[in-house]
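Student: For reference, the file upload-v4.cif (mmCIF, C-alpha atoms and all ligand atoms) is included below:
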```cif
data_structure
loop_
_atom_site.label_atom_id
_atom_site.label_comp_id
_atom_site.auth_asym_id
_atom_site.auth_seq_id
_atom_site.Cartn_x
_atom_site.Cartn_y
_atom_site.Cartn_z
CA MET F 3 0.00 0.00 0.00
CA LYS F 4 2.67 2.38 1.10
CA ARG F 5 4.67 1.74 -2.03
CA ARG F 6 1.66 2.33 -4.32
CA HIS F 7 0.87 5.56 -2.48
CA LEU F 8 4.42 6.82 -2.88
CA LEU F 9 4.45 5.91 -6.54
CA GLY F 10 1.18 7.71 -7.04
CA LEU F 11 2.53 10.89 -5.46
CA GLY F 12 5.73 10.61 -7.45
CA ALA F 13 3.84 10.31 -10.70
CA LEU F 14 1.68 13.30 -9.82
CA GLY F 15 4.73 15.32 -8.79
CA ALA F 16 6.53 14.48 -12.00
CA LEU F 17 3.43 15.38 -13.98
CA GLY F 18 3.23 18.73 -12.17
CA LEU F 19 6.86 19.45 -12.91
CA TRP F 20 6.42 18.36 -16.52
CA ALA F 21 3.46 20.70 -16.87
CA MET F 22 5.79 23.62 -15.98
CA ARG F 23 8.22 22.57 -18.66
CA PRO F 24 8.91 25.39 -21.15
CA GLY F 25 7.20 24.57 -24.44
CA ASP F 26 8.80 24.89 -27.83
CA GLN F 27 8.54 28.61 -28.59
CA GLY F 28 10.37 28.51 -31.89
CA ARG F 29 8.66 29.95 -34.98
CA PRO F 30 10.01 30.97 -38.37
CA HIS F 31 10.13 34.67 -39.24
CA THR F 32 6.79 36.39 -39.72
CA ALA F 33 6.11 37.75 -43.23
CA TYR F 34 7.44 41.22 -42.23
CA PHE F 35 10.78 39.86 -41.06
CA ALA F 36 11.00 37.22 -43.81
CA ASP F 37 10.74 40.04 -46.38
CA LEU F 38 13.28 42.15 -44.54
CA GLN F 39 15.59 39.15 -44.36
CA SER F 40 15.34 38.66 -48.16
CA LEU F 41 16.24 42.33 -48.67
CA LEU F 42 19.20 42.15 -46.32
CA LYS F 43 20.50 38.96 -47.88
CA GLN F 44 20.82 40.97 -51.09
CA GLU F 45 21.63 44.43 -49.79
CA GLY F 46 22.82 44.04 -46.19
CA GLY F 47 26.48 43.62 -47.06
CA GLY F 48 26.75 40.77 -44.56
CA VAL F 49 27.30 43.01 -41.53
CA PRO F 50 25.00 44.06 -38.67
CA GLN F 51 22.57 46.79 -39.65
CA LEU F 52 20.38 49.23 -37.78
CA VAL F 53 17.13 49.43 -39.74
CA ILE F 54 14.66 52.29 -39.33
CA ASP F 55 11.16 51.51 -40.55
CA LEU F 56 10.01 54.83 -42.02
CA ASP F 57 6.39 53.72 -42.28
CA HIS F 58 6.31 53.02 -38.55
CA LEU F 59 8.28 56.20 -37.80
CA ASP F 60 5.75 58.23 -39.80
CA ALA F 61 2.86 56.60 -37.97
CA ASN F 62 4.47 57.45 -34.62
CA ALA F 63 5.15 61.03 -35.72
CA ASP F 64 1.60 61.48 -36.98
CA LEU F 65 0.15 60.06 -33.77
CA LEU F 66 2.33 62.41 -31.73
CA ALA F 67 1.29 65.41 -33.85
CA GLN F 68 -2.35 64.49 -33.65
CA ARG F 69 -2.23 64.07 -29.87
CA LEU F 70 -0.26 67.28 -29.29
CA GLY F 71 -2.54 69.44 -31.40
CA LYS F 72 -1.34 72.98 -30.75
CA LEU F 73 1.06 72.06 -27.93
CA PRO F 74 4.56 72.75 -29.31
CA LEU F 75 7.18 70.02 -29.52
CA ARG F 76 10.92 69.92 -28.87
CA LEU F 77 12.78 66.90 -30.26
CA VAL F 78 15.07 65.13 -27.77
CA ALA F 79 18.30 64.90 -29.74
CA LYS F 80 20.03 62.28 -27.56
CA SER F 81 17.30 59.75 -28.36
CA LEU F 82 17.33 60.55 -32.12
CA ALA F 83 21.08 61.02 -32.62
CA SER F 84 21.28 61.35 -36.39
CA ASN F 85 21.10 64.65 -38.25
CA GLY F 86 19.17 62.97 -41.07
CA LEU F 87 16.60 61.59 -38.64
CA LEU F 88 16.31 64.89 -36.77
CA ASP F 89 15.93 66.82 -40.01
CA TYR F 90 13.27 64.42 -41.27
CA LEU F 91 11.27 64.60 -38.03
CA ALA F 92 11.72 68.34 -37.62
CA LYS F 93 10.19 68.85 -41.08
CA ARG F 94 7.37 66.37 -40.61
CA LEU F 95 6.54 67.74 -37.18
CA THR F 96 7.25 71.38 -38.10
CA THR F 97 9.56 72.19 -35.25
CA ARG F 98 13.06 73.67 -35.08
CA ARG F 99 13.35 73.08 -31.35
CA PHE F 100 15.85 70.50 -30.08
CA MET F 101 16.79 69.43 -26.58
CA VAL F 102 20.48 68.64 -26.27
CA PHE F 103 22.42 66.89 -23.51
CA HIS F 104 26.07 66.90 -24.49
CA GLN F 105 28.37 69.82 -25.39
CA PRO F 106 29.87 68.30 -28.59
CA GLN F 107 26.34 67.46 -29.74
CA ALA F 108 25.29 71.07 -29.13
CA ASN F 109 28.12 72.19 -31.44
CA GLN F 110 27.16 69.60 -34.07
CA LEU F 111 23.53 70.71 -34.00
CA ALA F 112 24.40 74.42 -34.20
CA GLN F 113 26.40 73.61 -37.31
CA ALA F 114 23.87 71.27 -38.94
CA PHE F 115 20.77 73.34 -38.05
CA PRO F 116 21.80 77.01 -38.03
CA ASP F 117 18.15 78.04 -37.59
CA ALA F 118 17.56 75.70 -34.62
CA ASP F 119 16.43 76.60 -31.13
CA LEU F 120 18.56 74.56 -28.71
CA LEU F 121 17.66 73.98 -25.06
CA LEU F 122 20.02 72.09 -22.78
CA GLY F 123 18.31 69.13 -21.10
CA LYS F 124 20.79 69.03 -18.23
CA PRO F 125 23.03 71.60 -16.57
CA LEU F 126 26.54 71.38 -18.05
CA PRO F 127 29.72 72.24 -16.15
CA VAL F 128 30.69 75.80 -17.02
CA ALA F 129 33.89 74.45 -18.61
CA ALA F 130 31.71 72.63 -21.16
CA ALA F 131 29.78 75.84 -21.84
CA LEU F 132 33.09 77.62 -22.49
CA ALA F 133 34.12 74.80 -24.86
CA PHE F 134 30.88 75.30 -26.79
CA TYR F 135 31.76 78.94 -27.54
CA GLN F 136 35.39 78.10 -28.28
CA GLN F 137 34.41 75.39 -30.77
CA LEU F 138 31.69 77.37 -32.52
CA PRO F 139 33.01 78.47 -35.93
CA ASN F 140 32.43 82.07 -36.96
CA GLY F 141 29.93 82.87 -39.65
CA LEU F 142 27.66 79.88 -39.03
CA GLY F 143 24.53 81.92 -38.86
CA PHE F 144 23.76 80.39 -35.46
CA ASP F 145 23.48 83.06 -32.78
CA PRO F 146 23.89 81.43 -29.34
CA THR F 147 22.45 84.45 -27.53
CA ARG F 148 19.12 83.99 -29.26
CA GLN F 149 19.21 80.31 -30.20
CA LEU F 150 20.81 78.45 -27.30
CA THR F 151 19.35 78.28 -23.81
CA TRP F 152 21.59 77.00 -21.03
CA LEU F 153 20.02 75.09 -18.16
CA ILE F 154 20.80 76.24 -14.61
CA ASP F 155 20.01 74.07 -11.60
CA SER F 156 21.25 76.20 -8.69
CA PRO F 157 22.25 79.75 -7.67
CA GLN F 158 25.87 78.54 -7.48
CA ARG F 159 25.90 77.42 -11.10
CA LEU F 160 24.30 80.68 -12.18
CA VAL F 161 27.21 82.57 -10.63
CA GLN F 162 29.64 80.45 -12.69
CA TYR F 163 27.73 81.17 -15.92
CA LEU F 164 27.60 84.86 -15.02
CA GLU F 165 31.40 84.89 -14.78
CA LEU F 166 31.62 83.16 -18.16
CA ALA F 167 29.21 85.63 -19.77
CA LYS F 168 31.29 88.51 -18.37
CA ALA F 169 34.54 86.97 -19.59
CA LEU F 170 33.16 86.34 -23.06
CA GLN F 171 31.14 89.55 -23.12
CA LYS F 172 28.25 87.52 -24.52
CA PRO F 173 24.69 87.68 -23.21
CA MET F 174 23.26 84.22 -22.49
CA SER F 175 19.76 82.83 -22.47
CA ILE F 176 18.95 80.86 -19.31
CA ALA F 177 16.25 78.34 -18.33
CA LEU F 178 15.92 77.13 -14.76
CA GLU F 179 15.66 73.45 -13.93
CA ILE F 180 12.99 72.73 -11.33
CA ASP F 181 12.43 69.51 -9.39
CA ILE F 182 8.78 68.56 -9.73
CA GLY F 183 9.20 65.16 -8.08
CA LEU F 184 11.91 63.28 -9.98
CA GLN F 185 14.51 64.04 -7.27
CA ARG F 186 17.23 64.38 -9.89
CA GLY F 187 18.30 67.82 -8.78
CA GLY F 188 17.32 71.20 -10.12
CA HIS F 189 15.85 73.90 -7.90
CA PRO F 190 14.13 71.98 -5.11
CA ASP F 191 11.62 74.63 -4.03
CA ALA F 192 10.32 78.14 -4.63
CA ALA F 193 12.65 79.70 -2.04
CA ASN F 194 15.72 78.25 -3.75
CA LEU F 195 14.41 79.33 -7.14
CA ALA F 196 13.94 82.86 -5.79
CA GLN F 197 17.67 83.03 -4.92
CA THR F 198 18.59 82.32 -8.54
CA LEU F 199 15.91 84.73 -9.76
CA ARG F 200 17.34 87.51 -7.56
CA LEU F 201 20.78 86.95 -9.07
CA LEU F 202 19.27 87.02 -12.53
CA ALA F 203 17.41 90.24 -11.75
CA ASP F 204 20.70 91.86 -10.70
CA ASN F 205 22.45 90.78 -13.91
CA SER F 206 19.74 90.88 -16.49
CA THR F 207 21.79 92.49 -19.25
CA LEU F 208 24.14 89.50 -19.45
CA LEU F 209 21.78 86.69 -18.39
CA GLN F 210 18.31 86.65 -19.89
CA LEU F 211 15.71 84.43 -18.30
CA ARG F 212 13.77 82.36 -20.81
CA GLY F 213 11.71 80.06 -18.60
CA LEU F 214 11.58 76.76 -16.72
CA MET F 215 12.26 73.07 -17.38
CA GLY F 216 10.78 70.36 -15.16
CA TYR F 217 10.99 66.71 -16.17
CA ASP F 218 8.43 64.29 -14.75
CA ALA F 219 9.49 60.72 -15.67
CA GLN F 220 8.59 59.61 -12.14
CA VAL F 221 4.90 59.97 -13.08
CA ALA F 222 5.21 56.98 -15.41
CA HIS F 223 6.77 54.87 -12.64
CA ALA F 224 4.24 55.59 -9.91
CA PRO F 225 4.35 52.91 -7.17
CA LEU F 226 1.42 50.81 -5.97
CA TRP F 227 0.26 53.23 -3.29
CA THR F 228 -0.49 55.98 -5.77
CA ASP F 229 -1.33 56.08 -9.47
CA SER F 230 -0.03 57.91 -12.49
CA GLN F 231 -2.92 60.36 -12.59
CA GLN F 232 -2.36 61.39 -8.96
CA ALA F 233 1.40 61.63 -9.49
CA PHE F 234 0.77 63.70 -12.64
CA THR F 235 -1.48 66.13 -10.75
CA ALA F 236 1.08 66.45 -7.93
CA ALA F 237 3.93 67.16 -10.39
CA ASN F 238 1.82 69.78 -12.19
CA GLU F 239 0.96 71.47 -8.89
CA ARG F 240 4.66 71.69 -8.07
CA TYR F 241 5.32 73.12 -11.53
CA ALA F 242 2.59 75.74 -11.03
CA ALA F 243 4.09 76.77 -7.66
CA PHE F 244 7.45 77.41 -9.36
CA ILE F 245 5.70 79.53 -12.01
CA ASP F 246 4.08 81.59 -9.24
CA ALA F 247 7.50 82.10 -7.63
CA ALA F 248 8.94 83.30 -10.94
CA ARG F 249 6.03 85.70 -11.54
CA ALA F 250 7.13 87.53 -8.41
CA PHE F 251 10.03 88.83 -10.55
CA PRO F 252 8.08 90.64 -13.28
CA ALA F 253 11.10 92.65 -14.43
CA ILE F 254 12.85 89.51 -15.70
CA TRP F 255 10.04 86.95 -16.10
CA PRO F 256 9.28 86.98 -19.85
CA ARG F 257 5.80 87.76 -21.10
CA GLN F 258 5.87 84.46 -22.96
CA PRO F 259 8.07 82.22 -20.83
CA LEU F 260 9.26 78.84 -22.00
CA LEU F 261 7.62 76.16 -19.85
CA ASN F 262 9.24 72.91 -20.93
CA GLY F 263 8.57 69.48 -19.51
CA ALA F 264 7.48 65.92 -20.15
CA GLY F 265 9.19 63.28 -22.25
CA SER F 266 8.03 60.27 -24.20
CA LEU F 267 6.70 58.59 -21.07
CA THR F 268 4.32 61.38 -20.05
CA TYR F 269 3.58 63.42 -23.16
CA PRO F 270 0.14 61.74 -23.68
CA LEU F 271 -0.94 62.99 -20.24
CA HIS F 272 0.14 66.57 -21.00
CA ALA F 273 -1.45 66.38 -24.45
CA LYS F 274 -4.75 65.44 -22.83
CA GLY F 275 -4.27 68.10 -20.16
CA PRO F 276 -4.64 70.08 -18.10
CA THR F 277 -0.94 70.95 -18.18
CA PRO F 278 1.18 73.88 -17.02
CA LEU F 279 3.50 73.34 -20.00
CA ASN F 280 3.69 75.24 -23.25
CA GLU F 281 6.20 72.82 -24.78
CA VAL F 282 6.90 69.10 -24.45
CA ALA F 283 10.17 67.30 -25.19
CA VAL F 284 9.81 63.94 -26.97
CA GLY F 285 12.36 61.64 -28.57
CA SER F 286 12.23 57.92 -27.86
CA ALA F 287 8.49 57.46 -28.50
CA LEU F 288 9.14 58.14 -32.19
CA LEU F 289 11.26 54.98 -32.46
CA LYS F 290 9.69 53.16 -29.52
CA PRO F 291 12.48 50.95 -28.21
CA ALA F 292 11.39 48.19 -25.82
CA GLU F 293 11.80 50.19 -22.60
CA PHE F 294 8.95 52.37 -23.85
CA ASP F 295 6.39 49.56 -23.91
CA THR F 296 4.01 51.34 -21.52
CA PRO F 297 0.22 51.54 -21.58
CA LEU F 298 0.35 55.26 -22.50
CA LEU F 299 2.50 54.48 -25.54
CA ALA F 300 0.60 51.35 -26.60
CA SER F 301 -0.44 52.93 -29.91
CA HIS F 302 3.16 53.71 -30.87
CA GLN F 303 4.99 51.14 -33.00
CA SER F 304 8.47 49.80 -32.83
CA ALA F 305 10.32 51.57 -35.66
CA MET F 306 13.86 50.21 -35.43
CA TRP F 307 15.56 46.84 -35.47
CA ILE F 308 19.07 45.56 -35.23
CA ALA F 309 19.52 43.00 -37.98
CA THR F 310 22.47 40.65 -38.06
CA PRO F 311 23.53 37.51 -39.94
CA VAL F 312 23.68 34.07 -38.34
CA LEU F 313 27.28 32.85 -38.54
CA LYS F 314 26.85 29.38 -37.10
CA VAL F 315 24.06 27.00 -36.19
CA GLN F 316 25.09 24.40 -33.62
CA ARG F 317 23.38 21.79 -31.55
CA GLY F 318 22.94 23.35 -28.12
CA PRO F 319 25.59 21.75 -25.84
CA LEU F 320 27.38 23.99 -23.39
CA PRO F 321 31.07 23.65 -22.53
CA TYR F 322 31.50 21.06 -19.71
CA LEU F 323 27.81 20.12 -19.94
CA GLN F 324 27.83 18.13 -23.17
CA GLN F 325 26.69 15.01 -21.30
CA ALA F 326 23.70 16.82 -19.83
CA GLN F 327 22.48 18.18 -23.17
CA GLY F 328 19.95 15.40 -23.73
CA MET F 329 18.34 16.11 -20.37
CA LEU F 330 18.51 19.90 -20.79
CA GLU F 331 16.80 19.89 -24.14
CA ALA F 332 14.24 17.28 -23.12
CA TRP F 333 13.31 19.70 -20.37
CA ASN F 334 13.58 22.82 -22.51
CA PRO F 335 13.27 22.33 -26.27
CA ASN F 336 14.39 25.94 -26.69
CA ARG F 337 17.88 24.70 -25.85
CA GLN F 338 18.03 22.42 -28.89
CA ASN F 339 20.08 24.81 -30.99
CA ALA F 340 22.59 27.58 -30.44
CA TYR F 341 22.86 30.36 -33.02
CA TYR F 342 26.01 32.47 -33.13
CA LEU F 343 25.49 35.96 -34.52
CA TYR F 344 27.71 38.44 -36.28
CA GLY F 345 28.32 40.88 -33.41
CA GLY F 346 26.28 41.27 -30.28
CA GLY F 347 26.28 42.77 -26.82
CA TRP F 348 23.71 45.34 -27.92
CA PRO F 349 21.14 46.64 -25.43
CA ALA F 350 18.42 44.78 -27.31
CA GLU F 351 16.10 41.80 -26.98
CA PRO F 352 15.76 39.05 -29.59
CA ALA F 353 12.63 39.79 -31.66
CA SER F 354 12.51 37.46 -34.67
CA PRO F 355 12.33 34.56 -35.18
CA ALA F 356 10.17 34.25 -32.05
CA GLY F 357 11.47 32.02 -29.28
CA LEU F 358 15.13 33.05 -29.40
CA ALA F 359 16.79 34.01 -26.13
CA TYR F 360 20.18 34.89 -24.72
CA ASP F 361 21.79 31.96 -22.95
CA GLY F 362 22.00 32.93 -19.29
CA ILE F 363 24.43 30.09 -18.60
CA TYR F 364 26.80 30.88 -21.48
CA GLY F 365 26.68 34.69 -21.20
CA ARG F 366 26.81 37.53 -23.72
CA SER F 367 29.37 38.39 -26.38
CA PRO F 368 29.90 41.56 -28.44
CA ASN F 369 31.74 39.48 -31.03
CA GLN F 370 29.66 36.35 -31.63
CA GLU F 371 26.51 36.54 -29.53
CA ARG F 372 24.99 33.16 -28.65
CA LEU F 373 21.22 32.85 -28.86
CA ILE F 374 19.39 29.65 -28.07
CA GLY F 375 16.21 28.39 -29.66
CA SER F 376 14.50 25.23 -30.78
CA ALA F 377 15.05 23.58 -34.14
CA THR F 378 11.59 24.82 -35.22
CA THR F 379 12.93 28.38 -35.56
CA GLY F 380 14.28 27.03 -38.85
CA LEU F 381 17.33 29.30 -38.95
CA SER F 382 20.31 28.41 -41.11
CA VAL F 383 23.75 29.92 -41.53
CA ASP F 384 23.49 33.25 -43.46
CA ASP F 385 19.90 33.80 -42.37
CA TRP F 386 19.30 37.03 -40.45
CA VAL F 387 18.11 37.55 -36.89
CA PHE F 388 16.31 40.70 -35.69
CA LEU F 389 16.68 42.28 -32.28
CA ARG F 390 14.65 45.08 -30.79
CA PRO F 391 16.74 47.76 -29.04
CA LEU F 392 15.79 48.55 -25.43
CA LEU F 393 16.80 52.20 -25.90
CA SER F 394 17.67 54.48 -28.79
CA GLU F 395 19.96 56.69 -26.73
CA GLY F 396 23.63 55.81 -27.25
CA LEU F 397 22.81 53.15 -29.84
CA PHE F 398 23.33 54.75 -33.25
CA SER F 399 27.01 55.57 -33.02
CA GLY F 400 27.81 51.83 -32.91
CA PHE F 401 26.61 51.53 -36.52
CA GLY F 402 28.15 53.13 -39.60
CA GLN F 403 24.76 54.09 -40.96
CA LEU F 404 21.04 53.73 -40.38
CA ARG F 405 19.28 51.79 -43.17
CA LEU F 406 15.88 53.15 -44.12
CA LEU F 407 13.01 50.83 -44.90
CA ARG F 408 9.93 52.14 -46.72
CA HIS F 409 7.09 50.05 -48.19
CA GLY F 410 9.24 46.91 -47.97
CA ARG F 411 12.27 48.40 -49.73
CA LEU F 412 15.57 49.77 -48.53
CA VAL F 413 15.40 53.34 -49.74
CA GLY F 414 18.42 55.12 -48.27
CA THR F 415 20.65 55.77 -45.30
CA TRP F 416 21.20 58.34 -42.58
CA LYS F 417 24.44 58.89 -40.77
CA PRO F 418 24.53 58.64 -36.99
CA GLN F 419 26.01 61.62 -35.18
CA PRO F 420 29.60 60.72 -34.32
CA ALA F 421 30.16 59.56 -30.73
CA ALA F 422 31.80 62.58 -29.15
C1 LIG A 501 15.06 66.66 -19.39
C2 LIG A 501 14.49 65.58 -20.23
N1 LIG A 501 13.42 65.85 -21.00
C3 LIG A 501 12.88 64.90 -21.79
C4 LIG A 501 13.40 63.63 -21.83
C5 LIG A 501 12.69 62.62 -22.68
O1 LIG A 501 13.41 61.96 -23.65
P1 LIG A 501 12.68 60.76 -24.40
O2 LIG A 501 11.45 61.30 -25.02
O3 LIG A 501 13.68 60.28 -25.39
O4 LIG A 501 12.39 59.74 -23.34
C6 LIG A 501 14.50 63.31 -21.05
C7 LIG A 501 15.06 61.96 -21.08
O5 LIG A 501 16.00 61.60 -20.41
C8 LIG A 501 15.05 64.30 -20.22
O6 LIG A 501 16.11 64.03 -19.41
#
```
Please, can you express the file's structure as structure tokens?
Tutor:
Amino acid sequence: MKRRHLLGLGALGALGLWAMRPGDQGRPHTAYFADLQSLLKQEGGGVPQLVIDLDHLDANADLLAQRLGKLPLRLVAKSLASNGLLDYLAKRLTTRRFMVFHQPQANQLAQAFPDADLLLGKPLPVAAALAFYQQLPNGLGFDPTRQLTWLIDSPQRLVQYLELAKALQKPMSIALEIDIGLQRGGHPDAANLAQTLRLLADNSTLLQLRGLMGYDAQVAHAPLWTDSQQAFTAANERYAAFIDAARAFPAIWPRQPLLNGAGSLTYPLHAKGPTPLNEVAVGSALLKPAEFDTPLLASHQSAMWIATPVLKVQRGPLPYLQQAQGMLEAWNPNRQNAYYLYGGGWPAEPASPAGLAYDGIYGRSPNQERLIGSATTGLSVDDWVFLRPLLSEGLFSGFGQLRLLRHGRLVGTWKPQPAA
């Protein structure tokens, strides 16, 4: 009796465990990726490519424009780091406003877009501001006094910029960073803002106040005990309190101040309103890398892929674990094969064929990335694999060019901005 009972339990237990066994997730490419693979086999040159799907990009841009209505847009240059891409989007979205986060990029943009309006998205050390002026060629047509707004996060930094403006004898346009809940620095409260405003009021010929910048990414990451709508309202109330503090300085507060805020994660909330902003900064949502898969951005489409050839298809055994392979793949059919890619180490997740995964036991490689998958993925040597980037920021400069896909054809290239 005892023996039968034990056997019964054992069988049930084994069944339970078996039920949790990962199923075969391998699929061949969908039609979209099968077509793209055919193109790249002919025109991909056999090396990893960053492909921008212009149809999806257009759809994202049109959705953004439609949601924003009359609310002006500033393109976040660090998330769209290609002059061709920025130019294309600036035309389609009729804006010349860019947000910039890196001194060399500010110089590149001033050169490439001499009619641009540049706003710094973070406060730069004053030495970097000096480098901007030193590296700006004469006769560009870009006038930093009118077209570049430096971001100041504290009274102390304002004093440094004042010294620079005096030394260069160049008036500067200034926006003040305010902390509306992100806790990433900037003026923490109205009293602190008033200190900077007093300094500005005393030096208004050299430093001209343009407005405020308050970023609210925390709203999209609201914890369980609150919700995004509540967090959004709280951030807007903080923003409004800073505006009130600035209005107490009517001599320097512009009649039409710049009130910048938001980002891809929160622009739909500001577009719906009410919002204290008169400008939103958006970049990533136009390409929608995987970290932007949020409910608010559900209608945006992924518009970029890393595509790379398969160099080798192997049975799945791991070093030192060859003997265990039979057991490992009986348990997990997605360990049947290992696919070694041309390149790797990108901040990206395998997208097509479905069912591919990094091998957590083997690790990652920037040279020949190993993906595992079942035999039903049907991949062979010289086929292509597609990965979806997690982020667009910092990605482009690792590729010589961006390949442009339109209506199922490769129609051109854009150059990434050089890593600087
Ligand atoms: C100040 C500021 N504004 C806006 C953004 C939004 O950029 P994106 O739309 O690419 O997320 C960021 C992102 O880091 C930021 O730091």
Student: Could you list, as an MDAnalysis selection string, every residue within 7 Å of F:Arg408, counting only C-alpha atoms and ignoring same-chain residues fewer than 4 positions away?
Tutor: chainID F and resid 55:57 412:413
Student: Collect all residues with atoms no farther than 6 Å from ligand LIG 501 (chain A), counting only C-alpha atoms and all ligand atoms, and output them as a list in words.
Tutor: Val78, Ser81, Gly123, Tyr217, Ala264, Gly265, Ser266, Ala283, Val284, Gly285, Ser286 and Ala287 of chain F
Student: Find the residues around F:Pro30 up to 6 Å (only C-alpha atoms counted), leave out those fewer than 6 positions away in its own chain, and share them as a list in words.
Tutor: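 The residues that qualify are Pro355, Thr379 and Gly380 of chain F.
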Student: Residues near stretch 273-275 of chain F, anyone? I mean within 6 Å using all atoms listed in the file, not counting same-chain ones fewer than 4 positions away, as a list in words.
Tutor: Arg69, Leu70 and Tyr269 of chain F
Student: What does the distance between atom CA of F:Phe100 and atom CA of F:Leu404 come to in Å, to one decimal place?
Tutor: 20.4 Å
Student: For atom CA of F:Pro278 and atom CA of F:Glu239, determine how far apart the two atoms are, in Å to one decimal place.
Tutor: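 Those two atoms sit 8.5 Å apart.
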Student: Let me make sure I understand: among F:Leu153, F:Leu164, F:Val221, F:Met306, which one has the smallest atom-to-atom distance to F:Ala203 if we use all atoms listed in the file?
Tutor: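 Checking each candidate against F:Ala203, we get F:Leu164 as the closest.
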Student: Could you check the closest approach to F:Asp119 for each of F:Asn140, F:Thr97, F:Gly183, F:Glu351 and tell me which residue wins, using only C-alpha atoms?
Tutor: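 The shortest atom-to-atom distance to F:Asp119 comes from F:Thr97.
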Student: Could you state the separation of atom CA of F:Lys290 and atom CA of F:Asn369 in Å, given to one decimal place?
Tutor: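 Separation of atom CA of F:Lys290 and atom CA of F:Asn369: 26.0 Å.
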Student: Select, counting all atoms listed in the file, all protein, DNA and RNA residues no farther than 12 Å from (-0.2, 71.8, -20.4) in file coordinates, and express the selection as a count of residues only.
Tutor: 33
Student: Counting only C-alpha atoms, which residues come within 12 Å of (30.0, 72.2, -15.5), with the point read in the file's coordinates, and could you list them as a ChimeraX atom specification?
Tutor: /F:104-105,124-134,152-156,158-163,166
Student: Counting only C-alpha atoms, figure out which residue out of F:Ser376, F:Thr151, F:Gln137, F:Gln231 gets nearest to F:Ala118.
Tutor: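 Between F:Ser376, F:Thr151, F:Gln137, F:Gln231, the residue approaching F:Ala118 most closely is F:Thr151.
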Student: Just want the 9 Å neighbourhood of stretch 109-114 of chain F, counted on all atoms listed in the file, with same-chain residues fewer than 6 positions away dropped. Output as number ranges by chain.
Tutor: F: 79, 85, 100, 102, 120, 134-135, 137-139, 142-146, 149-150, 419
Student: Write the residues you've just listed into a file as a compact mmCIF listing (two decimals), in the frame of the given file, and include C-alpha atoms for each of them.
Tutor:
```txt
# COMPACT_ATOMS: atom_id res chain seq x y z
CA ALA F 79 18.30 64.90 -29.74
CA ASN F 85 21.10 64.65 -38.25
CA PHE F 100 15.85 70.50 -30.08
CA VAL F 102 20.48 68.64 -26.27
CA LEU F 120 18.56 74.56 -28.71
CA PHE F 134 30.88 75.30 -26.79
CA TYR F 135 31.76 78.94 -27.54
CA GLN F 137 34.41 75.39 -30.77
CA LEU F 138 31.69 77.37 -32.52
CA PRO F 139 33.01 78.47 -35.93
CA LEU F 142 27.66 79.88 -39.03
CA GLY F 143 24.53 81.92 -38.86
CA PHE F 144 23.76 80.39 -35.46
CA ASP F 145 23.48 83.06 -32.78
CA PRO F 146 23.89 81.43 -29.34
CA GLN F 149 19.21 80.31 -30.20
CA LEU F 150 20.81 78.45 -27.30
CA GLN F 419 26.01 61.62 -35.18
```
Student: Between F:Asp229, F:His223, F:Tyr342, F:Pro190, which has the minimum distance to F:Ala243 (counting all atoms listed in the file)?
Tutor: F:Pro190
Student: Check the smallest atom-to-atom distance from each of F:Asp26, F:Asp37, F:Asp218, F:Asp60 to F:Leu184 using all atoms listed in the file, then report the winner.
Tutor: F:Asp218
